[in-house]
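Below is the file protein-v3.cif, which contains mmCIF, C-alpha atoms and all ligand atoms.
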data_upload
loop_
_atom_site.label_atom_id
_atom_site.label_comp_id
_atom_site.auth_asym_id
_atom_site.auth_seq_id
_atom_site.Cartn_x
_atom_site.Cartn_y
_atom_site.Cartn_z
CA MET Z 1 46.69 216.96 61.05
CA SER Z 2 44.69 218.98 63.57
CA SER Z 3 43.99 218.30 67.23
CA VAL Z 4 40.34 217.48 67.94
CA SER Z 5 39.70 220.91 69.47
CA ASP Z 6 41.37 222.76 66.55
CA HIS Z 7 39.43 220.65 64.06
CA TYR Z 8 36.15 221.61 65.75
CA SER Z 9 36.99 225.30 66.13
CA GLN Z 10 38.36 225.67 62.59
CA LEU Z 11 35.95 223.54 60.60
CA LEU Z 12 33.20 221.55 62.32
CA ALA Z 13 31.79 223.77 65.09
CA PRO Z 14 30.63 226.63 62.81
CA VAL Z 15 28.66 224.17 60.65
CA TYR Z 16 27.74 221.62 63.32
CA THR Z 17 24.04 222.49 63.70
CA TRP Z 18 23.70 222.67 59.88
CA MET Z 19 25.38 219.24 59.67
CA ALA Z 20 22.85 217.85 62.16
CA GLY Z 21 19.92 219.05 60.00
CA SER Z 22 17.67 221.30 62.07
CA VAL Z 23 18.38 221.89 65.76
CA GLU Z 24 14.83 220.96 66.75
CA ALA Z 25 15.01 217.71 64.73
CA ALA Z 26 18.30 216.86 66.47
CA LEU Z 27 16.81 217.63 69.91
CA ASP Z 28 13.78 215.48 69.07
CA ALA Z 29 16.10 212.62 68.03
CA GLY Z 30 18.09 213.10 71.26
CA LYS Z 31 14.87 212.96 73.29
CA SER Z 32 13.72 209.78 71.52
CA GLU Z 33 17.08 208.20 72.23
CA ILE Z 34 16.92 209.13 75.93
CA ASP Z 35 13.32 207.88 76.17
CA ALA Z 36 14.26 204.57 74.50
CA LEU Z 37 16.86 203.96 77.23
CA GLN Z 38 14.11 203.80 79.90
CA LEU Z 39 16.59 204.70 82.64
CA LYS Z 40 13.84 205.91 85.02
CA LEU Z 41 16.00 208.72 86.38
CA PRO Z 42 14.29 210.65 89.21
CA ALA Z 43 13.47 214.32 88.61
CA GLY Z 44 16.26 216.55 89.92
CA ALA Z 45 18.93 213.85 89.52
CA LEU Z 46 22.41 215.08 88.59
CA VAL Z 47 23.74 213.70 85.29
CA ALA Z 48 26.75 214.51 83.10
CA ASP Z 49 26.92 214.72 79.31
CA LEU Z 50 30.54 214.32 78.21
CA GLY Z 51 31.25 215.82 74.78
CA ALA Z 52 27.83 217.43 74.92
CA GLY Z 53 28.19 219.45 71.70
CA PHE Z 54 25.25 221.84 71.23
CA GLY Z 55 23.12 219.75 73.61
CA MET Z 56 21.40 217.08 71.54
CA HIS Z 57 21.06 214.99 74.73
CA ALA Z 58 21.80 217.54 77.48
CA ILE Z 59 18.78 219.67 76.55
CA PRO Z 60 16.20 216.84 76.46
CA LEU Z 61 17.61 215.56 79.76
CA ALA Z 62 17.20 219.01 81.33
CA ARG Z 63 13.69 219.34 79.82
CA ASP Z 64 12.91 216.03 81.62
CA GLY Z 65 13.89 217.65 84.94
CA MET Z 66 17.53 216.52 85.26
CA ARG Z 67 20.32 218.80 86.43
CA VAL Z 68 22.94 218.45 83.70
CA LEU Z 69 26.69 219.04 83.69
CA ALA Z 70 27.56 219.50 80.01
CA VAL Z 71 31.29 219.14 79.35
CA ASP Z 72 32.88 219.91 76.00
CA SER Z 73 36.19 221.26 74.73
CA SER Z 74 34.47 223.36 72.04
CA THR Z 75 33.56 226.79 73.42
CA GLU Z 76 31.70 227.51 70.16
CA LEU Z 77 29.35 224.53 70.68
CA LEU Z 78 28.92 225.30 74.39
CA THR Z 79 27.89 228.87 73.50
CA GLU Z 80 25.17 227.40 71.27
CA LEU Z 81 24.18 224.99 74.08
CA ASP Z 82 23.92 227.89 76.56
CA ARG Z 83 21.66 229.73 74.11
CA LEU Z 84 19.40 226.69 73.58
CA ALA Z 85 19.34 225.79 77.29
CA ASP Z 86 18.11 229.19 78.42
CA GLY Z 87 16.22 228.70 81.72
CA LEU Z 88 17.08 225.00 82.01
CA ALA Z 89 19.30 223.43 84.70
CA VAL Z 90 22.33 222.94 82.45
CA GLU Z 91 25.82 223.93 83.60
CA THR Z 92 28.22 224.17 80.65
CA ILE Z 93 31.86 223.35 81.37
CA ALA Z 94 34.62 224.02 78.84
CA ASP Z 95 37.16 221.32 79.62
CA ASP Z 96 38.63 218.04 78.46
CA LEU Z 97 36.09 215.35 79.25
CA LEU Z 98 38.86 213.25 80.80
CA SER Z 99 38.92 215.87 83.59
CA PHE Z 100 35.16 215.84 84.18
CA ARG Z 101 35.52 214.54 87.74
CA THR Z 102 37.07 217.77 88.95
CA HIS Z 103 33.66 219.42 88.29
CA VAL Z 104 31.55 216.78 90.07
CA LYS Z 105 30.69 217.49 93.70
CA GLU Z 106 28.08 214.76 94.32
CA LYS Z 107 27.38 211.26 92.99
CA LEU Z 108 25.86 211.15 89.52
CA ALA Z 109 22.74 209.21 88.50
CA ALA Z 110 23.97 208.81 84.92
CA VAL Z 111 26.80 209.78 82.60
CA PHE Z 112 26.27 210.09 78.84
CA CYS Z 113 29.00 210.08 76.20
CA MET Z 114 27.02 210.14 72.97
CA GLY Z 115 27.29 210.63 69.24
CA ASP Z 116 30.75 209.13 68.65
CA THR Z 117 32.49 211.36 71.20
CA LEU Z 118 34.29 208.35 72.72
CA THR Z 119 36.32 207.72 69.54
CA HIS Z 120 37.71 211.27 69.78
CA LEU Z 121 39.90 210.28 72.76
CA PRO Z 122 43.56 210.15 71.77
CA GLU Z 123 44.48 206.69 73.14
CA HIS Z 124 42.71 203.40 73.87
CA THR Z 125 44.02 203.63 77.45
CA HIS Z 126 42.02 206.86 77.86
CA VAL Z 127 38.82 204.88 77.31
CA ASP Z 128 39.75 202.57 80.22
CA PHE Z 129 40.65 205.61 82.34
CA LEU Z 130 37.31 207.25 81.56
CA VAL Z 131 35.38 204.06 82.39
CA GLN Z 132 37.11 203.91 85.78
CA GLU Z 133 36.49 207.61 86.49
CA VAL Z 134 32.81 207.30 85.56
CA HIS Z 135 32.41 204.16 87.69
CA GLU Z 136 33.81 205.98 90.73
CA THR Z 137 31.51 208.96 90.16
CA LEU Z 138 28.22 207.09 89.71
CA ALA Z 139 25.79 206.33 92.53
CA PRO Z 140 24.76 202.67 93.02
CA GLY Z 141 22.36 201.78 90.18
CA GLY Z 142 23.83 204.59 88.05
CA HIS Z 143 24.25 204.27 84.29
CA PHE Z 144 27.02 205.05 81.81
CA VAL Z 145 25.55 205.38 78.32
CA LEU Z 146 27.87 205.39 75.32
CA THR Z 147 27.16 205.61 71.61
CA PHE Z 148 29.97 205.44 69.09
CA ARG Z 149 30.82 204.27 65.59
CA ASP Z 150 32.47 200.89 65.21
CA TYR Z 151 35.51 201.62 63.03
CA SER Z 152 37.13 198.26 63.80
CA GLU Z 153 36.31 196.82 60.34
CA PRO Z 154 37.82 199.15 57.71
CA LEU Z 155 35.74 200.47 54.85
CA ILE Z 156 37.43 199.77 51.54
CA GLY Z 157 37.79 201.74 48.28
CA ASP Z 158 34.95 204.12 47.38
CA ALA Z 159 33.08 203.27 50.60
CA ARG Z 160 35.65 205.41 52.46
CA PHE Z 161 34.11 208.56 50.89
CA ILE Z 162 31.07 209.52 52.97
CA PRO Z 163 28.67 212.27 51.90
CA VAL Z 164 27.66 213.89 55.21
CA ARG Z 165 25.27 216.64 54.11
CA SER Z 166 24.76 218.97 51.18
CA ASP Z 167 22.47 221.79 50.13
CA GLU Z 168 22.72 224.64 47.63
CA ARG Z 169 25.23 226.52 49.82
CA ARG Z 170 27.39 223.78 51.38
CA ILE Z 171 28.69 220.28 50.79
CA LEU Z 172 30.40 218.31 53.56
CA THR Z 173 32.17 215.09 52.63
CA CYS Z 174 34.28 212.86 54.82
CA PHE Z 175 37.14 210.60 53.74
CA LEU Z 176 38.44 207.88 56.07
CA GLU Z 177 42.06 206.73 56.04
CA TYR Z 178 42.60 203.66 58.23
CA GLU Z 179 45.67 203.15 60.43
CA GLU Z 180 46.33 200.23 62.76
CA ASP Z 181 44.58 201.54 65.91
CA THR Z 182 43.17 204.79 64.58
CA VAL Z 183 41.39 206.24 61.57
CA VAL Z 184 42.26 209.63 60.09
CA VAL Z 185 39.05 211.53 59.34
CA HIS Z 186 39.43 214.10 56.56
CA ASP Z 187 36.50 216.53 56.46
CA ILE Z 188 36.14 218.36 53.15
CA LEU Z 189 33.86 221.40 53.26
CA HIS Z 190 32.74 223.21 50.10
CA GLU Z 191 30.97 226.52 50.72
CA ARG Z 192 29.37 228.81 48.17
CA ALA Z 193 31.09 232.21 47.96
CA GLY Z 194 29.29 234.33 45.37
CA ASP Z 195 29.55 232.54 42.01
CA ALA Z 196 32.33 230.20 43.17
CA TRP Z 197 32.93 227.43 45.70
CA GLU Z 198 35.50 227.71 48.50
CA THR Z 199 37.01 224.47 49.75
CA ARG Z 200 38.50 223.80 53.19
CA VAL Z 201 39.97 220.54 54.41
CA SER Z 202 40.81 219.58 57.99
CA SER Z 203 41.80 216.19 59.38
CA TYR Z 204 41.91 214.58 62.81
CA ARG Z 205 42.33 211.11 64.31
CA LYS Z 206 39.69 208.90 65.86
CA LEU Z 207 40.09 205.61 67.69
CA ARG Z 208 39.12 202.35 66.02
CA LEU Z 209 37.13 201.05 69.00
CA SER Z 210 35.37 197.72 68.82
CA PRO Z 211 32.16 197.32 70.85
CA GLU Z 212 33.63 194.16 72.40
CA ARG Z 213 36.62 196.12 73.69
CA VAL Z 214 34.40 198.77 75.27
CA VAL Z 215 32.18 196.11 76.87
CA ALA Z 216 35.28 194.36 78.24
CA SER Z 217 36.56 197.64 79.68
CA LEU Z 218 33.21 198.28 81.40
CA GLU Z 219 32.84 194.74 82.75
CA THR Z 220 36.43 194.64 84.06
CA ILE Z 221 35.66 197.67 86.23
CA GLY Z 222 32.39 196.15 87.50
CA PHE Z 223 29.62 197.47 85.22
CA GLU Z 224 26.79 195.23 84.03
CA THR Z 225 26.37 195.90 80.31
CA ARG Z 226 23.75 195.89 77.56
CA MET Z 227 24.47 196.54 73.89
CA GLN Z 228 21.90 197.75 71.35
CA PRO Z 229 21.83 199.48 67.95
CA GLY Z 230 21.98 203.28 68.33
CA LEU Z 231 20.98 206.10 65.95
CA ARG Z 232 22.54 206.44 62.47
CA GLY Z 233 24.43 203.14 62.63
CA LEU Z 234 26.13 203.89 65.97
CA VAL Z 235 26.57 201.21 68.62
CA ARG Z 236 24.90 201.89 71.97
CA ILE Z 237 26.31 200.40 75.17
CA ILE Z 238 24.73 200.91 78.59
CA GLY Z 239 26.84 200.12 81.63
CA THR Z 240 25.03 199.95 84.97
CA VAL Z 241 26.59 199.93 88.44
CA PRO Z 242 25.02 196.95 90.26
C1 LIG F 1 30.66 214.05 67.36
S1 LIG F 1 30.39 215.32 68.52
C2 LIG F 1 29.01 214.69 69.48
C3 LIG F 1 28.28 215.78 70.22
C4 LIG F 1 27.04 215.31 71.02
N1 LIG F 1 27.38 214.37 72.05
C5 LIG F 1 25.97 214.77 70.10
O1 LIG F 1 25.62 213.59 70.23
O2 LIG F 1 25.47 215.54 69.26
C6 LIG F 1 31.77 215.14 69.60
C7 LIG F 1 31.85 216.23 70.65
O3 LIG F 1 32.86 215.88 71.60
C8 LIG F 1 33.66 217.02 71.85
N2 LIG F 1 34.97 216.48 72.28
C9 LIG F 1 35.80 215.68 71.59
N3 LIG F 1 36.86 215.33 72.33
C10 LIG F 1 36.69 215.93 73.54
C11 LIG F 1 37.42 215.94 74.75
N4 LIG F 1 38.58 215.26 74.88
N5 LIG F 1 36.95 216.65 75.78
C12 LIG F 1 35.79 217.35 75.67
N6 LIG F 1 35.04 217.37 74.55
C13 LIG F 1 35.48 216.66 73.50
C14 LIG F 1 33.66 217.80 70.56
O4 LIG F 1 33.97 219.17 70.78
C15 LIG F 1 32.22 217.59 70.09
O5 LIG F 1 31.34 218.54 70.63
#
As a first step, turn the structure in this file into structure tokens.
Ligand SMILES: C[S@@+](CC[C@H](N)C(=O)[O-])C[C@H]1O[C@@H](n2cnc3c(N)ncnc32)[C@H](O)[C@@H]1O
Amino acid sequence: MSSVSDHYSQLLAPVYTWMAGSVEAALDAGKSEIDALQLKLPAGALVADLGAGFGMHAIPLARDGMRVLAVDSSTELLTELDRLADGLAVETIADDLLSFRTHVKEKLAAVFCMGDTLTHLPEHTHVDFLVQEVHETLAPGGHFVLTFRDYSEPLIGDARFIPVRSDERRILTCFLEYEEDTVVVHDILHERAGDAWETRVSSYRKLRLSPERVVASLETIGFETRMQPGLRGLVRIIGTVP
């Protein structure tokens, strides 16, 4: 079993933009998702993208005039984000997202934790901790936007084998092994090497978060919440500071 950061550096980060399809298509999807939120953030507002990856949301936010703090533990993905964000107001920060507050010097207009990043946290209590930290960092009227996969109902049998992406050079397949509070994600990567295929496998744990639990965590701290369907079957929850 790998840690999340080892899993990304050893297997996922080098193929992450391939996995997402094309970078421009991913940035377009990120922009559509931001637009659909209708947050009406003022130009120049400071926002944070926690687990920003290569910038699927950070870059559209910056293109819309936001100043973006992009936090991620993967230096490989942040290097790609820096390249894509050339000339935009994006500050990349290589750190654990649970420590994001140490990098925030003024109140934030919004915090984003998108694309199933939330389930990468090691413990359920870390979700509650993060919700509290975000609440204390947001300005009045600020938003905390989360999208994640609902793993609370286990997939059974063959449904646990998920074809992620394939082309003539690579095949990425995911196998899910359910535990009580967590799910072990086994990523199986086949890559063409001359006339043969090379196979690498790496596994890490994700949290089995239910949307109801996340909503309860947000409302306990004082957020008003809305829940909607997100992209690719993810759940989207928007918490707003009254
Ligand atoms: C599934 S990707 C989502 C990336 C991006 N938000 C998107 O929607 O494309 C999860 C990201 O979270 C990062 N990550 C996971 N756990 C983290 C942690 N504890 N601190 C910082 N980054 C983390 C990973 O490196 C990865 O870039």
Using all atoms listed in the file, determine which residues lie at most 12 Å from Ala52 (chain Z), disregarding the query and same-chain residues fewer than 6 positions distant; provide the list as an mmCIF file with C-alpha atoms, in the coordinates of the input.
data_model
loop_
_atom_site.group_PDB
_atom_site.id
_atom_site.type_symbol
_atom_site.label_atom_id
_atom_site.label_comp_id
_atom_site.auth_asym_id
_atom_site.auth_seq_id
_atom_site.Cartn_x
_atom_site.Cartn_y
_atom_site.Cartn_z
ATOM 1 C CA GLY Z 30 18.090 213.100 71.260
ATOM 2 C CA ALA Z 58 21.800 217.540 77.480
ATOM 3 C CA ILE Z 59 18.780 219.670 76.550
ATOM 4 C CA PRO Z 60 16.200 216.840 76.460
ATOM 5 C CA LEU Z 61 17.610 215.560 79.760
ATOM 6 C CA VAL Z 68 22.940 218.450 83.700
ATOM 7 C CA LEU Z 69 26.690 219.040 83.690
ATOM 8 C CA ALA Z 70 27.560 219.500 80.010
ATOM 9 C CA VAL Z 71 31.290 219.140 79.350
ATOM 10 C CA ASP Z 72 32.880 219.910 76.000
ATOM 11 C CA SER Z 73 36.190 221.260 74.730
ATOM 12 C CA SER Z 74 34.470 223.360 72.040
ATOM 13 C CA THR Z 75 33.560 226.790 73.420
ATOM 14 C CA GLU Z 76 31.700 227.510 70.160
ATOM 15 C CA LEU Z 77 29.350 224.530 70.680
ATOM 16 C CA LEU Z 78 28.920 225.300 74.390
ATOM 17 C CA THR Z 79 27.890 228.870 73.500
ATOM 18 C CA GLU Z 80 25.170 227.400 71.270
ATOM 19 C CA LEU Z 81 24.180 224.990 74.080
ATOM 20 C CA ASP Z 82 23.920 227.890 76.560
ATOM 21 C CA VAL Z 90 22.330 222.940 82.450
ATOM 22 C CA GLU Z 91 25.820 223.930 83.600
ATOM 23 C CA THR Z 92 28.220 224.170 80.650
ATOM 24 C CA ILE Z 93 31.860 223.350 81.370
ATOM 25 C CA ALA Z 94 34.620 224.020 78.840
ATOM 26 C CA ASP Z 95 37.160 221.320 79.620
ATOM 27 C CA ASP Z 96 38.630 218.040 78.460
ATOM 28 C CA LEU Z 97 36.090 215.350 79.250
ATOM 29 C CA PHE Z 100 35.160 215.840 84.180
ATOM 30 C CA VAL Z 111 26.800 209.780 82.600
ATOM 31 C CA PHE Z 112 26.270 210.090 78.840
ATOM 32 C CA CYS Z 113 29.000 210.080 76.200
ATOM 33 C CA MET Z 114 27.020 210.140 72.970
ATOM 34 C CA GLY Z 115 27.290 210.630 69.240
ATOM 35 C CA ASP Z 116 30.750 209.130 68.650
ATOM 36 C CA THR Z 117 32.490 211.360 71.200
ATOM 37 C CA LEU Z 118 34.290 208.350 72.720
#
Name the residues, using the chain letters and numbers of the file, that sit within 12 Å of (30.5, 205.6, 79.0) when counting all atoms listed in the file, and give them as a ChimeraX atom specification.
/Z:48-51,97-98,110-119,126-135,137-138,142-148,211,214-215,217-219,221,223,225-226,235-241
Determine the nearest neighbour of Leu27 (chain Z) from the options Z:Arg63, Z:Leu39, Z:Val185, Z:Val15, counting only C-alpha atoms.
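Of Z:Arg63, Z:Leu39, Z:Val185, Z:Val15, the one nearest Leu27 (chain Z), counting only C-alpha atoms, is Z:Arg63.
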Go through Z:Pro122, Z:Gln38, Z:Asp150, Z:Lys107 and flag the residue nearest ligand LIG 1 (chain F), using all atoms listed in the file for the distances.
Z:Pro122
Record the distance separating CA of Leu155 (chain Z) and CA of Arg205 (chain Z), expressed in Å with one decimal.
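Answer for the CA of Leu155 (chain Z) to CA of Arg205 (chain Z) separation: 15.7 Å.
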Need the axis-aligned box for region 220-223 of chain Z with 6 Å each side, so what are the centre and edges in Å to one decimal, as AutoDock Vina command-line options?
--center_x 33.0 --center_y 196.2 --center_z 85.8 --size_x 18.8 --size_y 15.0 --size_z 15.4
Could I get region 209-229 of chain Z rebuilt with N, CA, C and O atoms, written as a compact mmCIF listing (two decimals), in the coordinates of the input?
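To be explicit, this is the file written out as result-v1.txt:
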# COMPACT_ATOMS: atom_id res chain seq x y z
N LEU Z 209 37.59 201.79 67.82
CA LEU Z 209 37.13 201.05 69.00
C LEU Z 209 36.20 199.94 68.56
O LEU Z 209 35.30 200.19 67.77
N SER Z 210 36.38 198.76 69.09
CA SER Z 210 35.37 197.72 68.82
C SER Z 210 34.41 197.70 70.00
O SER Z 210 34.80 197.93 71.15
N PRO Z 211 33.13 197.41 69.75
CA PRO Z 211 32.16 197.32 70.85
C PRO Z 211 32.61 196.30 71.90
O PRO Z 211 32.44 196.53 73.10
N GLU Z 212 33.21 195.21 71.45
CA GLU Z 212 33.63 194.16 72.40
C GLU Z 212 34.70 194.72 73.35
O GLU Z 212 34.70 194.40 74.54
N ARG Z 213 35.57 195.56 72.83
CA ARG Z 213 36.62 196.12 73.69
C ARG Z 213 36.02 197.05 74.73
O ARG Z 213 36.43 197.06 75.90
N VAL Z 214 35.03 197.83 74.33
CA VAL Z 214 34.40 198.77 75.27
C VAL Z 214 33.63 197.99 76.33
O VAL Z 214 33.70 198.30 77.53
N VAL Z 215 32.91 196.95 75.90
CA VAL Z 215 32.18 196.11 76.87
C VAL Z 215 33.16 195.49 77.85
O VAL Z 215 32.92 195.48 79.07
N ALA Z 216 34.29 194.99 77.35
CA ALA Z 216 35.28 194.36 78.24
C ALA Z 216 35.81 195.38 79.25
O ALA Z 216 35.97 195.07 80.44
N SER Z 217 36.06 196.60 78.78
CA SER Z 217 36.56 197.64 79.68
C SER Z 217 35.53 197.93 80.78
O SER Z 217 35.88 198.01 81.98
N LEU Z 218 34.26 198.01 80.41
CA LEU Z 218 33.21 198.28 81.40
C LEU Z 218 33.07 197.13 82.39
O LEU Z 218 32.97 197.33 83.61
N GLU Z 219 33.08 195.90 81.87
CA GLU Z 219 32.84 194.74 82.75
C GLU Z 219 34.03 194.50 83.67
O GLU Z 219 33.86 194.08 84.82
N THR Z 220 35.23 194.80 83.21
CA THR Z 220 36.43 194.64 84.06
C THR Z 220 36.34 195.53 85.29
O THR Z 220 36.73 195.15 86.39
N ILE Z 221 35.76 196.73 85.11
CA ILE Z 221 35.66 197.67 86.23
C ILE Z 221 34.49 197.32 87.15
O ILE Z 221 34.44 197.76 88.29
N GLY Z 222 33.50 196.55 86.65
CA GLY Z 222 32.39 196.15 87.50
C GLY Z 222 31.02 196.57 87.00
O GLY Z 222 30.03 196.42 87.72
N PHE Z 223 30.94 197.14 85.78
CA PHE Z 223 29.62 197.47 85.22
C PHE Z 223 28.93 196.21 84.71
O PHE Z 223 29.59 195.31 84.17
N GLU Z 224 27.60 196.18 84.82
CA GLU Z 224 26.79 195.23 84.03
C GLU Z 224 26.48 195.93 82.73
O GLU Z 224 26.24 197.14 82.73
N THR Z 225 26.50 195.20 81.60
CA THR Z 225 26.37 195.90 80.31
C THR Z 225 25.22 195.36 79.47
O THR Z 225 24.84 194.19 79.58
N ARG Z 226 24.71 196.26 78.62
CA ARG Z 226 23.75 195.89 77.56
C ARG Z 226 24.22 196.59 76.30
O ARG Z 226 24.70 197.73 76.37
N MET Z 227 24.08 195.92 75.16
CA MET Z 227 24.47 196.54 73.89
C MET Z 227 23.26 196.53 72.96
O MET Z 227 22.54 195.53 72.90
N GLN Z 228 23.05 197.64 72.25
CA GLN Z 228 21.90 197.75 71.35
C GLN Z 228 22.31 198.60 70.15
O GLN Z 228 23.30 199.33 70.23
N PRO Z 229 21.55 198.55 69.05
CA PRO Z 229 21.83 199.48 67.95
C PRO Z 229 21.45 200.90 68.37
O PRO Z 229 20.42 201.10 69.02
